[in-house]
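> Following this message is one structure expressed as structure tokens.
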Amino acid sequence: MTSGRVTVYFAALLARTAEGWEASDTELDDVETLTDLIELARGASKDDDTVLAFLEHEDAWFGVVRVDGEDDPHIYVSDAAAAARTSYGSMLTDELLGRDPDDDLDSLVDLDGTEDGEPDRDDDEDADSDAPVPVGPLGDGDILADLGMEEKELKALDGDALESIADMLGCSMEGLEAVR
């Protein structure tokens with residue numbers, strides 16, 4: 001809850017199988033970090049096939065995390081500035097911007113092992129954590145290119161992005177409606 005208002009997220013997993021793409025809804029209750037989300041996606045794959053974790057926040061932004069087996073995930077966020085103001089969105093934008101979510105804690109307590117008065121590890125690193133989050137798309141715009149959706153098409157999505165992505169993948173609409 002934020003400011004007495006419930007924050008509404010929608011999350012779905014689109015997993016490639018031998019029969020095609022299958023959609024399933026997912027609960028974010030146990031997802032506290034990006035690693036948790038990635039492990040959730042990997043758990044939806046039976047043979048280390050591609051899984052797309054889709055997150056949406058009240059039609060303000062959507063994010064796609066692509067997991068291909070044990071490879072590093074690819075991330076795309078439709079509106080980084082809007083996403084950064086939400087808990088799950090900031091998890092994605094922090095990763096894309098190279099921010100450490102624990103930086104705020106380090107600035108409160110001297111945990112880096114330096115003596116008082118010594119310079120911190122790298123002042124340039126702290127400057128990056130204060131940089132503004134860009135407005136608009138952020139991340140791998142080609143995240144779905146090999147699956148049939150070019151960057152231009154992905155950036156043009158709004159509103160019902162999940163339906164457009166699922167349609168492009170050939171995911172059954174019945175399965176998609178079941179998770180909505």
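Ordered as shown in the structure tokens, chains take letters A, B, and onward, while each chain numbers its residues from 1 and ligands are numbered from 1 in the order shown.
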For A:Trp61, find every residue with an atom within 12 Å (counting only C-alpha atoms), except residues of its own chain fewer than 2 positions away, and show them as a ChimeraX atom specification.
/A:8-10,54-59,63-64,76-86,88-90,92-93,135-138,155,157-162
> Would you mind listing what lies within 8 Å of A:Ala53 as a PyMOL selection string, with only C-alpha atoms counted and same-chain residues fewer than 6 positions away left out?
chain A and resi 11-14+37+41+64-67
> Separation of atom CA of A:Asp30 and atom CA of A:Gly43, in Å?
13.5 Å
> Just list as a ChimeraX atom specification whatever in stretch 22-70 of chain A DSSP marks as strand (DSSP E).
/A:22-25,50-57,61-68
> Please compute the atom CA of A:His74-atom CA of A:Thr33 distance, one decimal, in Å.
15.3 Å
